[in-house]
Every structure is written in structure tokens, then in C-alpha cells.
Protein chains: 2
Amino acid sequence: MTQRNEIETMPREPVIAIIGAGAIGAYYGGRLALHGHDVHFLLRSDYEHVRAHGWMICSCDGDFVLPAERVRVYRDARDMPTADLVIVTLKTTGNDRLAEMVPPVVGERSAVLTLQNGLGNEQRLAELVGADRVLGGLAFICANRGRPGEVVHTAHGLIRLGEYARPSRERAEWVAGLFNASGVRCQVLDNLQQGRWEKLVWNVPFNGLGAVLDLTTDRLIANPEGESLVREVMAEVISAARSLGLPLRYEMIDEQIAKTREMGPYRTSMQIDRQHGRPLEIEAILAAPVQAAEAMNVPVPQMQGLLRLARVVDGQ
Amino acid sequence: MTQRNEIETMPREPVIAIIGAGAIGAYYGGRLALHGHDVHFLLRSDYEHVRAHGWMICSCDGDFVLPAERVRVYRDARDMPTADLVIVTLKTTGNDRLAEMVPPVVGERSAVLTLQNGLGNEQRLAELVGADRVLGGLAFICANRGRPGEVVHTAHGLIRLGEYARPSRERAEWVAGLFNASGVRCQVLDNLQQGRWEKLVWNVPFNGLGAVLDLTTDRLIANPEGESLVREVMAEVISAARSLGLPLRYEMIDEQIAKTREMGPYRTSMQIDRQHGRPLEIEAILAAPVQAAEAMNVPVPQMQGLLRLARVVDGQ
């Protein structure tokens with residue numbers, strides 16, 4: 001099969017399912033729907049409101065409304081059509097529900113893309129639908145839910161995605177093409193795992209310490225004690241990734257600290273979850289990387305301590 | 001010199017100085033003044049208000065007012081009379097100012113009692129006024145400042161005090177007698193250092209973790225992860241104390257956990273300081289115990305981690 005053939009087998013008018021339409025799912029699904037795609041949203045908390053009033057997306061890249069008559073929302077995946085592209089944006093704390101949410105929308109040709117945080121999500125989906133269907137993506141976006149049916153997208157939006165088990169890039173290029181044509185910048189990764197670990201270099205210290213200490217990113221590096229702790233955690237993540245054969249550079253630490261200084265005060269999603277008393281994405285963002293490091297006998301004492309404190313704070 | 005003689009040399013109408021009259025100083029000094037003692041308060045933030053309106057003490061042991069005409073307040077220790085008993089209740093984060101606050105009120109016969117938190121306060125005072133003058137005490141009290149000139153005393157109040165360097169208990173008995181006669185329960189300790197470390201068994205985990213994680217005491221032990229962490233920190237404090245020859249029992253851990261459960265939700269002083277953006281008493285409550293343990297080669301990894309996180313959070 002040549003590249004050309006494979007792309008040509010992709011549906012021109014794909015049915016798209018968004019599984020777990022919180023802020024991230026509503027935003028990306030909303031962009032795809034705004035571009036004319038046939039998007040079906042599975043959601044829970046705002047279901048009644050969105051069914052009656054649609055989505056209101058306040059975006060730094062341009063506000064838009066999806067009126068109720070153009071939004072198809074569902075509470076139960078069994079009511080949804082089979083989708084060509086299934087995009088999983090469920091919070092990882094709800095991963096136990098994936099078994100009932102994903103298989104009903106998966107057909108013979110479906111591709112399943114997880115845009116969830118952290119490690120382990122592709123594996124879990126692979127167990128449910130087969131590894132060959134699975135793609136993974138990193139969403140670099142600041143978006144939160146506002147009032148019911150409202151999403152506030154304040155910055156960024158880039159998606160970087162790649163295949164989980166397939167060697168070919170063709171399907172990933174097709175998915176990236178859908179996003180790029182719909183106003184969402186999207187890049188294809190050669191090595192999804194490397195991309196995931198690179199994102200963890202930032203996410204483990206800033207989500208972890210941010211939630212545990214209840215400090216915004218700027219305050220975590222406001223004094224030398226905080227900066228040195230963040231740097232140590234980052235170094236541990238990089239060491240763990242390198243033990244897995246992923247060539248992460250230690251120079252990333254300087255780059256990420258500098259980038260974070262430029263961002264100003266920023267509340268990570270895990271800090272926000274903590275402030276709202278919601279479950280923290282501990283397994284995907286902290287526990288899975290620690291387990292991976294431990295399996296490779298890489299010492300990660302700061303990450304272990306952080307994981308432990310996160311479990312103390314979780315759900316309080 | 002017999003016991004009787006030494007007590008008889010103590011002044012019957014002592015001049016008492018309260019150095020650093022926050023909630024603790026105002027409460028204890030207020031009780032002594034209410035009983036008729038000649039009490040002089042050195043204070044900073046509420047000076048103008050207290051000079052004009054006196055103290056209002058809302059106490060679980062009975063509210064009382066000290067009207068302005070009965071309260072002697074000072075902003076500068078050099079304006080104060082020499083005191084027979086100097087009671088230091090300054091927050092330890094202000095210890096740098098002790099050199100200008102204490103010596104001016106110390107005369108030939110003065111006794112100097114520190115009721116400050118943590119370790120190292122007696123040593124510091126000994127350097128300023130001579131070890132023989134110094135007594136130390138532990139204040140088991142829940143009291144906070146309310147509106148200007150107002151102190152809210154919500155629970156407890158016991159003082160346990162002892163000599164720092166003198167072998168005799170006589171002077172300590174005299175000070176305890178002043179408190180007990182004034183409605184403040186006070187016990188004399190045979191071994192002040194042991195008392196200080198026993199209090200640290202509770203203070204290190206609950207003040208430390210409470211401030212760092214911004215959790216009340218009940219929430220710190222609400223899940224198994226939190227309880228086990230608190231227990232490990234307590235065990236480290238006990239091990240450090242035992243290495244110094246102080247016979248603390250590991251059974252304290254069970255007792256303190258049980259006692260803390262009975263207390264219900266409680267914000268430690270360090271958590272309150274953190275919430276108000278005030279400096280944390282890190283040196284006295286966390287750093288000095290860690291240094292003592294390190295000097296004895298006792299491993300205290302949890303305390304070291306906690307100290308580090310406290311320095312990240314401090315002053316944010």
C-alpha cells in the first residue's frame with residue numbers, strides 16, 4: 001500500500017466522536033464542527049444545557065457559537081453512530097469508564113485518538129479496541145470550562161500526535177489534516193512516546209508541585225529553593241525517559257524554566273482540580289512515570305515524594 | 001541556699017515585661033495584668049490601637065477587657081522599666097530583633113522566659129543575657145489575633161516551663177506560681193529539652209505539612225497516605241530526640257494521632273501564617289530539628305523534604 005492509497009482510503013466526510021467533552025473536547029470538537037464536520041459529543045455534566053443551548057466557545061483565536069440545532073450530544077455511547085475518528089478527551093481520572101464509552105462507537109475502520117494527559121492512556125485504549133486503531137496526541141492548550149455550555153480558551157492550542165503501534169504516518173497525517181483545515185494547528189510526531197515524556201518534563205513538576213503546594217507556576221520558581229526543586233524533578237523525568245531509550249536532552253531544563261518565566265502566573269490543571277476539590281490526574285501524570293522509572297531502576301526520589309504528597313492532597 | 005530562701009528572694013510584686021505582644025503575649029500578659037501584676041507590653045502592629053483602647057481578650061476561659069488606662073504599652077524597649085520577669089513571645093521569625101528588644105529590660109535579678117516555638121530560642125537568649133537568666137516554656141494554646149487590639153483564645157492555655165541551664169527548680173516554681181495564681185495553668189518541667197522535643201513530635205508534621213500542603217490537621221490524617229506520612233515524620237523526630245539522650249517513646253505516635261483525631265479540623269499557626277502570606281517559623285520548628293538530627297547522623301529524609309518544601313512556600 002503506498003502513501004497515496006492509504007490516505008485515499010480515509011473518509012472524506014468522516015464521522016467524528018468526542019468522548020468526554022469537557023473544555024478540551026468541546027473546544028477541539030467545536031472547531032471541527034464549525035468547519036462543517038459531522039461531530040458527535042459524549043458528555044455528562046453539561047448535557048442538558050448543551051442540548052438546549054449548544055456550545056459557546058470563547059477563544060483567543062476567535063469566539064464562536066455552535067447552536068443547539070448543529071450540536072449532537074449524547075449521554076450514552078450506545079446511542080452514538082459508529083465513528084471514523086474517535087477523539088478521547090475524558091479526564092484520566094475517569095478512565096475506568098472508557099470501557100463503556102469507547103467500544104460502542106468503534107467500527108471496522110475507526111481510528112481512536114487519545115488527547116488525555118500523561119502516560120498509559122494508549123495502552124488502556126489498545127486493550128479495549130486493539131493497538132492498531134490507537135493514536136495518541138498531546139494537547140498544548142489552556143482551556144477551562146466557564147458557565148454551563150461555555151468553554152474559555154485562553155492560550156495556545158497546538159496538538160502533536162502520532163501513532164501508538166503502527167509504523168506508518170499516513171493515518172496520523174490524515175487526522176492532522178482534519179485539525180489543520182479546521183483552524184487547530186497540528187503536527188505529526190515520529191515518536192509519540194518521546195513526545196509524551198518531553199511533555200512530562202514540564203507537567204510532572206508544575207502540575208505535581210502546583211497541586212501539592214497550591215502555587216502557580218511563577219511562584220514555584222520564584223525563589224532559589226523552588227527553582228532547584230523543579231529542576232531536580234525535571235532531571236529525574238529526563239533520566240527516566242533516557243533509560244527507556246528516548247533521547248531527551250538535559251538542556252530542556254534551562255529551556256523550560258525560561259519558557260515558564262515568560263508565561264507569568266499560570267495555574268496548572270492539577271492545581272485547578274485541587275482548588276475545586278476534584279480528583280487529581282495522579283495516575284497518568286505522576287504514578288505512571290514513577291512506575292516506569294522504578295521498573296528501569298532509575299532513582300526518582302523527588303518524583304516519589306511528590307507522588308506521595310499528591311495522594312495526601314487528592315480529593316481533599 | 002535552701003529552697004525556702006531562694007523563693008523568698010523573688011519579688012512579691014514583680015515588674016513583668018512582655019516582649020512581642022502578639023496573640024500569645026497579649027493573652028498571657030493580659031491574664032497576669034488582670035490579676036493585678038505590673039505588666040509592660042512591647043508591641044508593634046497594634047501599638048496605637050492598644051494605647052488608645054486597651055486589650056479586648058475573647059477567651060474560652062472567660063472574656064476580659066484591659067482598659068487603656070491599665071495597659072502600659074511601648075514601641076521601644078529602651079522606654080521600658082527593668083523587669084523582674086521578661087516573657088518573650090515574639091514570633092521566631094523576628095528573632096533578629098531580640099538583641100534590641102530584650103537587653104534594655106534586663107537588670108541584675110531578671111529572669112527571662114521564652115514561650116516561643118521550636119528549638120534554639122533559649123540559646124539565642126542565653127547569648128544575649130547569659131544562660132543563667134534563661135527559662136523556656138511551651139505554650140499549649142490556640143489563640144489568634146482578631147481585630148486590632150483583640151485576641152481570640154479558643155482552646156487550651158497550659159504552659160509547661162523549665163530552667164535552661166540552672167539545676168534548681170525554684171525560680172521556675174516561682175514563675176509557675178505567678179501564672180497559676182493568675183488563671184493560667186502552668187507546670188514545671190524537669191527537662192526542658194525533652195519537653196521541647198515532645199512538642200516537636202506534633203509540631204513538625206502538623207505545622208510543616210499543614211503549611212506546605214495547606215491542609216488542616218484532620219485532613220492531613222484523613223487518608224492512609226497522609227496518616228502514614230505524619231507517622232513517619234513523627235518517628236524521625238523521636239529518633240532524633242533519642243539520639244540526643246532524651247527518652248521519647250515511640251508510643252507517642254499512636255497517642256498523638258488519636259488526640260489529633262479528637263481535635264477535629266484545626267489550622268496550625270504555620271498554616272495560618274502561610275494563608276496570610278506571613279513568614280513561616282521554619283528555622284525554629286523545622287530547620288533546627290533537622291540540623292540537630294543531621295549533627296547526630298540520624299536519617300530524617302521526610303523532615304528534610306518537608307523543610308525544603310517549606311522554604312519553597314515561605315513568603316509566597
# chains A, B, ... in the order shown; residues from 1 in each chain; ligands from 1
>>> closest_atom_pairs(of="chain B", to="chain A", cutoff="10 Å", atoms="only C-alpha atoms", output="tab-separated table")
residue	atom	partner	partner_atom	distance
B:Leu209	CA	A:Leu309	CA	9.3
B:Ala211	CA	A:Leu213	CA	8.7
B:Val212	CA	A:Leu213	CA	5.7
B:Leu213	CA	A:Leu213	CA	5.1
B:Asp214	CA	A:Leu213	CA	7.2
B:Leu215	CA	A:Val313	CA	8.0
B:Arg219	CA	A:Gln316	CA	7.0
B:Leu220	CA	A:Val312	CA	7.0
B:Ile221	CA	A:Val312	CA	8.3
B:Ala222	CA	A:Val312	CA	8.3
B:Asn223	CA	A:Val312	CA	6.7
B:Pro224	CA	A:Val312	CA	8.0
B:Glu225	CA	A:Val312	CA	5.4
B:Gly226	CA	A:Val312	CA	4.8
B:Glu227	CA	A:Val312	CA	8.5
B:Ser228	CA	A:Val312	CA	9.6
B:Leu229	CA	A:Arg308	CA	8.4
B:Gln302	CA	A:Gly305	CA	8.7
B:Gly305	CA	A:Gly305	CA	8.0
B:Leu306	CA	A:Gly305	CA	9.9
B:Arg308	CA	A:Glu225	CA	7.0
B:Leu309	CA	A:Gly226	CA	7.7
B:Ala310	CA	A:Leu213	CA	9.2
B:Arg311	CA	A:Glu225	CA	6.3
B:Val312	CA	A:Gly226	CA	4.8
B:Val313	CA	A:Leu213	CA	7.2
B:Asp314	CA	A:Asn223	CA	9.3
B:Gly315	CA	A:Asn223	CA	9.7
B:Gln316	CA	A:Arg219	CA	7.0
>>> residues_around(residues="A:Asp61", least_positions_apart="4", cutoff="12 Å", atoms="only C-alpha atoms", output="list in words")
Tyr27, Arg31, Ile57, Ile141, Cys142, Ala143, Val152, His153, Thr154, Ala155, His156, Gly157, Leu158, Ser182, Gly183, Val184 and Arg185 of chain A
>>> select_by_dssp(residues="stretch 15-168 of chain B", states="helix (DSSP H, G or I)", output="JSON, numbers by chain")
{"B": [23, 24, 25, 26, 27, 28, 29, 30, 31, 32, 33, 34, 47, 48, 49, 50, 51, 52, 53, 68, 69, 70, 77, 78, 79, 92, 93, 94, 95, 96, 97, 98, 99, 100, 101, 103, 104, 105, 121, 122, 123, 124, 125, 126, 127, 128, 129, 131, 132, 133]}
>>> write_last_selection(atoms="N, CA and C atoms", output="compact mmCIF listing (two decimals), in the first residue's frame")
# COMPACT_ATOMS: atom_id res chain seq x y z
N ALA B 23 -0.77 37.53 69.80
CA ALA B 23 -1.89 36.89 70.49
C ALA B 23 -1.43 36.22 71.78
N ILE B 24 -0.32 35.49 71.72
CA ILE B 24 0.14 34.72 72.88
C ILE B 24 0.58 35.68 74.00
N GLY B 25 1.37 36.66 73.64
CA GLY B 25 1.86 37.61 74.64
C GLY B 25 0.74 38.42 75.25
N ALA B 26 -0.19 38.85 74.41
CA ALA B 26 -1.30 39.65 74.92
C ALA B 26 -2.18 38.82 75.85
N TYR B 27 -2.38 37.55 75.49
CA TYR B 27 -3.24 36.72 76.33
C TYR B 27 -2.60 36.46 77.69
N TYR B 28 -1.38 35.93 77.68
CA TYR B 28 -0.75 35.60 78.96
C TYR B 28 -0.44 36.86 79.77
N GLY B 29 0.08 37.87 79.10
CA GLY B 29 0.34 39.13 79.81
C GLY B 29 -0.94 39.74 80.33
N GLY B 30 -2.00 39.59 79.53
CA GLY B 30 -3.30 40.12 79.95
C GLY B 30 -3.81 39.44 81.21
N ARG B 31 -3.65 38.11 81.27
CA ARG B 31 -4.08 37.38 82.47
C ARG B 31 -3.30 37.85 83.70
N LEU B 32 -1.98 38.03 83.53
CA LEU B 32 -1.16 38.48 84.65
C LEU B 32 -1.58 39.89 85.08
N ALA B 33 -1.86 40.75 84.09
CA ALA B 33 -2.26 42.12 84.41
C ALA B 33 -3.63 42.14 85.08
N LEU B 34 -4.54 41.29 84.58
CA LEU B 34 -5.89 41.21 85.16
C LEU B 34 -5.81 40.82 86.64
N TYR B 47 0.14 48.86 68.32
CA TYR B 47 0.52 49.80 69.37
C TYR B 47 -0.48 50.95 69.54
N GLU B 48 -0.78 51.66 68.47
CA GLU B 48 -1.64 52.85 68.58
C GLU B 48 -3.02 52.46 69.11
N HIS B 49 -3.53 51.35 68.58
CA HIS B 49 -4.88 50.95 68.97
C HIS B 49 -4.92 50.57 70.45
N VAL B 50 -3.95 49.78 70.90
CA VAL B 50 -3.96 49.32 72.28
C VAL B 50 -3.71 50.49 73.24
N ARG B 51 -2.84 51.40 72.85
CA ARG B 51 -2.59 52.56 73.70
C ARG B 51 -3.87 53.37 73.89
N ALA B 52 -4.68 53.45 72.86
CA ALA B 52 -5.91 54.25 72.94
C ALA B 52 -7.07 53.46 73.56
N HIS B 53 -7.14 52.16 73.27
CA HIS B 53 -8.35 51.41 73.63
C HIS B 53 -8.11 50.20 74.51
N ALA B 68 -7.49 50.93 78.49
CA ALA B 68 -6.26 51.61 78.11
C ALA B 68 -5.50 52.16 79.32
N GLU B 69 -6.24 52.66 80.32
CA GLU B 69 -5.54 53.27 81.46
C GLU B 69 -4.81 52.24 82.32
N ARG B 70 -5.12 50.94 82.12
CA ARG B 70 -4.41 49.92 82.91
C ARG B 70 -3.36 49.17 82.09
N ALA B 77 11.93 49.19 73.44
CA ALA B 77 12.30 48.57 74.72
C ALA B 77 13.08 49.53 75.61
N ARG B 78 13.76 50.50 75.00
CA ARG B 78 14.57 51.41 75.81
C ARG B 78 13.70 52.33 76.67
N ASP B 79 12.41 52.41 76.35
CA ASP B 79 11.50 53.21 77.16
C ASP B 79 10.91 52.43 78.33
N THR B 92 9.26 33.65 66.21
CA THR B 92 10.69 33.36 65.99
C THR B 92 11.21 33.95 64.69
N THR B 93 10.31 34.22 63.74
CA THR B 93 10.77 34.85 62.50
C THR B 93 11.30 36.25 62.75
N GLY B 94 11.03 36.81 63.94
CA GLY B 94 11.55 38.12 64.30
C GLY B 94 12.74 38.05 65.25
N ASN B 95 13.33 36.87 65.40
CA ASN B 95 14.40 36.71 66.40
C ASN B 95 15.60 37.64 66.20
N ASP B 96 15.78 38.10 64.98
CA ASP B 96 16.89 39.03 64.74
C ASP B 96 16.73 40.31 65.55
N ARG B 97 15.50 40.60 65.95
CA ARG B 97 15.26 41.85 66.69
C ARG B 97 15.38 41.68 68.19
N LEU B 98 15.63 40.44 68.65
CA LEU B 98 15.72 40.22 70.10
C LEU B 98 16.85 41.03 70.73
N ALA B 99 17.92 41.23 69.98
CA ALA B 99 19.09 41.93 70.53
C ALA B 99 18.74 43.36 70.93
N GLU B 100 17.78 43.95 70.25
CA GLU B 100 17.39 45.31 70.63
C GLU B 100 16.18 45.33 71.55
N MET B 101 15.50 44.20 71.67
CA MET B 101 14.25 44.17 72.43
C MET B 101 14.43 43.67 73.86
N PRO B 103 17.73 43.04 75.93
CA PRO B 103 18.70 43.58 76.90
C PRO B 103 18.25 44.86 77.61
N PRO B 104 17.54 45.79 76.95
CA PRO B 104 17.17 47.01 77.67
C PRO B 104 16.29 46.79 78.90
N VAL B 105 15.55 45.69 78.96
CA VAL B 105 14.67 45.48 80.12
C VAL B 105 15.28 44.53 81.15
N ASN B 121 15.65 28.90 70.79
CA ASN B 121 15.35 30.22 71.34
C ASN B 121 16.08 30.49 72.65
N GLU B 122 16.20 29.46 73.49
CA GLU B 122 16.93 29.65 74.75
C GLU B 122 18.40 29.97 74.48
N GLN B 123 18.99 29.24 73.52
CA GLN B 123 20.40 29.51 73.20
C GLN B 123 20.59 30.96 72.79
N ARG B 124 19.68 31.42 71.93
CA ARG B 124 19.81 32.78 71.43
C ARG B 124 19.72 33.80 72.58
N LEU B 125 18.75 33.57 73.48
CA LEU B 125 18.61 34.49 74.61
C LEU B 125 19.82 34.38 75.54
N ALA B 126 20.33 33.16 75.71
CA ALA B 126 21.50 32.97 76.58
C ALA B 126 22.68 33.81 76.08
N GLU B 127 22.81 33.86 74.75
CA GLU B 127 23.90 34.67 74.18
C GLU B 127 23.71 36.15 74.49
N LEU B 128 22.45 36.57 74.58
CA LEU B 128 22.17 37.99 74.79
C LEU B 128 22.22 38.39 76.26
N VAL B 129 21.76 37.51 77.15
CA VAL B 129 21.59 37.93 78.56
C VAL B 129 22.27 36.99 79.55
N ALA B 131 23.19 32.59 80.14
CA ALA B 131 22.38 31.37 80.24
C ALA B 131 21.66 31.27 81.58
N ASP B 132 22.25 31.78 82.62
CA ASP B 132 21.69 31.60 83.95
C ASP B 132 20.35 32.31 84.12
N ARG B 133 20.11 33.33 83.32
CA ARG B 133 18.84 34.07 83.44
C ARG B 133 17.70 33.37 82.71
>>> closest_residue(among="B:Gln256, B:Ser239, B:Gln193, B:Thr9", to="B:Gly120", atoms="only C-alpha atoms")
B:Gln193
>>> atom_distance(atom1="atom CA of A:Gln187", atom2="atom CA of A:Val73")
28.1 Å
>>> residues_around(residues="B:Lys91", least_positions_apart="4", cutoff="12 Å", atoms="only C-alpha atoms", output="list of chain:residue names")
B:Ile19, B:Gly20, B:Ala21, B:Gly22, B:Ala23, B:Ile24, B:Gly25, B:Leu43, B:Asn95, B:Asp96, B:Arg97, B:Leu98, B:Thr114, B:Leu115, B:Gln116, B:Asn117, B:Gly118, B:Asn121, B:Ser269, B:Met270, B:Asp273, B:Arg278, B:Pro279, B:Leu280, B:Glu281, B:Ile282, B:Glu283, B:Ala284, B:Ile285
>>> atom_distance(atom1="atom CA of B:Asp38", atom2="atom CA of B:Arg109")
16.4 Å
>>> select_by_dssp(residues="stretch 49-104 of chain B", states="strand (DSSP E)", output="NGL selection string")
:B and (55-59 or 64-66 or 72-74 or 83-88)
>>> atom_distance(atom1="atom CA of A:Asn144", atom2="atom CA of A:Gln304")
28.7 Å
>>> residues_around(residues="B:Asn191", least_positions_apart="2", cutoff="10 Å", atoms="only C-alpha atoms", output="ChimeraX atom specification")
/B:161-164,167,188-189,193-196,246
>>> residues_around(residues="A:Pro247", least_positions_apart="3", cutoff="12 Å", atoms="only C-alpha atoms", output="list in words")
Asn191, Gln193, Gln194, Gly195, Trp197, Glu198, Val237, Ile238, Ser239, Ala240, Ala241, Arg242, Ser243, Leu244, Tyr250, Glu251 and Met252 of chain A
>>> write_last_selection(atoms="N, CA and C atoms", output="PDB file, in the first residue's frame")
ATOM      1  N   ASN A 191       7.788   9.982  17.039  1.00  0.00           N
ATOM      2  CA  ASN A 191       7.872   9.103  18.201  1.00  0.00           C
ATOM      3  C   ASN A 191       6.958   9.639  19.298  1.00  0.00           C
ATOM      4  N   GLN A 193       5.950   8.341  22.116  1.00  0.00           N
ATOM      5  CA  GLN A 193       6.418   8.185  23.496  1.00  0.00           C
ATOM      6  C   GLN A 193       7.394   9.299  23.875  1.00  0.00           C
ATOM      7  N   GLN A 194       8.270   9.631  22.932  1.00  0.00           N
ATOM      8  CA  GLN A 194       9.206  10.713  23.228  1.00  0.00           C
ATOM      9  C   GLN A 194       8.464  12.028  23.459  1.00  0.00           C
ATOM     10  N   GLY A 195       7.456  12.273  22.644  1.00  0.00           N
ATOM     11  CA  GLY A 195       6.650  13.482  22.833  1.00  0.00           C
ATOM     12  C   GLY A 195       5.973  13.490  24.197  1.00  0.00           C
ATOM     13  N   TRP A 197       6.935  11.976  26.954  1.00  0.00           N
ATOM     14  CA  TRP A 197       7.913  12.205  28.028  1.00  0.00           C
ATOM     15  C   TRP A 197       8.427  13.647  28.019  1.00  0.00           C
ATOM     16  N   GLU A 198       8.578  14.220  26.846  1.00  0.00           N
ATOM     17  CA  GLU A 198       9.002  15.628  26.801  1.00  0.00           C
ATOM     18  C   GLU A 198       7.967  16.513  27.487  1.00  0.00           C
ATOM     19  N   VAL A 237      12.781  13.154  35.491  1.00  0.00           N
ATOM     20  CA  VAL A 237      11.921  12.743  34.372  1.00  0.00           C
ATOM     21  C   VAL A 237      12.780  12.451  33.143  1.00  0.00           C
ATOM     22  N   ILE A 238      13.736  13.316  32.891  1.00  0.00           N
ATOM     23  CA  ILE A 238      14.607  13.116  31.723  1.00  0.00           C
ATOM     24  C   ILE A 238      15.414  11.828  31.878  1.00  0.00           C
ATOM     25  N   SER A 239      15.937  11.590  33.070  1.00  0.00           N
ATOM     26  CA  SER A 239      16.712  10.364  33.291  1.00  0.00           C
ATOM     27  C   SER A 239      15.853   9.129  33.069  1.00  0.00           C
ATOM     28  N   ALA A 240      14.608   9.182  33.553  1.00  0.00           N
ATOM     29  CA  ALA A 240      13.713   8.047  33.360  1.00  0.00           C
ATOM     30  C   ALA A 240      13.457   7.829  31.868  1.00  0.00           C
ATOM     31  N   ALA A 241      13.194   8.902  31.130  1.00  0.00           N
ATOM     32  CA  ALA A 241      12.920   8.788  29.694  1.00  0.00           C
ATOM     33  C   ALA A 241      14.136   8.214  28.969  1.00  0.00           C
ATOM     34  N   ARG A 242      15.313   8.692  29.330  1.00  0.00           N
ATOM     35  CA  ARG A 242      16.533   8.213  28.669  1.00  0.00           C
ATOM     36  C   ARG A 242      16.757   6.727  28.942  1.00  0.00           C
ATOM     37  N   SER A 243      16.382   6.288  30.142  1.00  0.00           N
ATOM     38  CA  SER A 243      16.543   4.857  30.452  1.00  0.00           C
ATOM     39  C   SER A 243      15.642   4.006  29.563  1.00  0.00           C
ATOM     40  N   LEU A 244      14.584   4.640  29.023  1.00  0.00           N
ATOM     41  CA  LEU A 244      13.684   3.928  28.111  1.00  0.00           C
ATOM     42  C   LEU A 244      14.138   4.057  26.656  1.00  0.00           C
ATOM     43  N   TYR A 250      19.134  17.090  28.553  1.00  0.00           N
ATOM     44  CA  TYR A 250      19.082  17.794  29.836  1.00  0.00           C
ATOM     45  C   TYR A 250      18.994  19.314  29.639  1.00  0.00           C
ATOM     46  N   GLU A 251      19.376  19.789  28.451  1.00  0.00           N
ATOM     47  CA  GLU A 251      19.256  21.231  28.172  1.00  0.00           C
ATOM     48  C   GLU A 251      17.798  21.685  28.193  1.00  0.00           C
ATOM     49  N   MET A 252      16.883  20.744  28.029  1.00  0.00           N
ATOM     50  CA  MET A 252      15.453  21.077  28.126  1.00  0.00           C
ATOM     51  C   MET A 252      15.136  21.802  29.427  1.00  0.00           C
TER      52      MET A 252
END
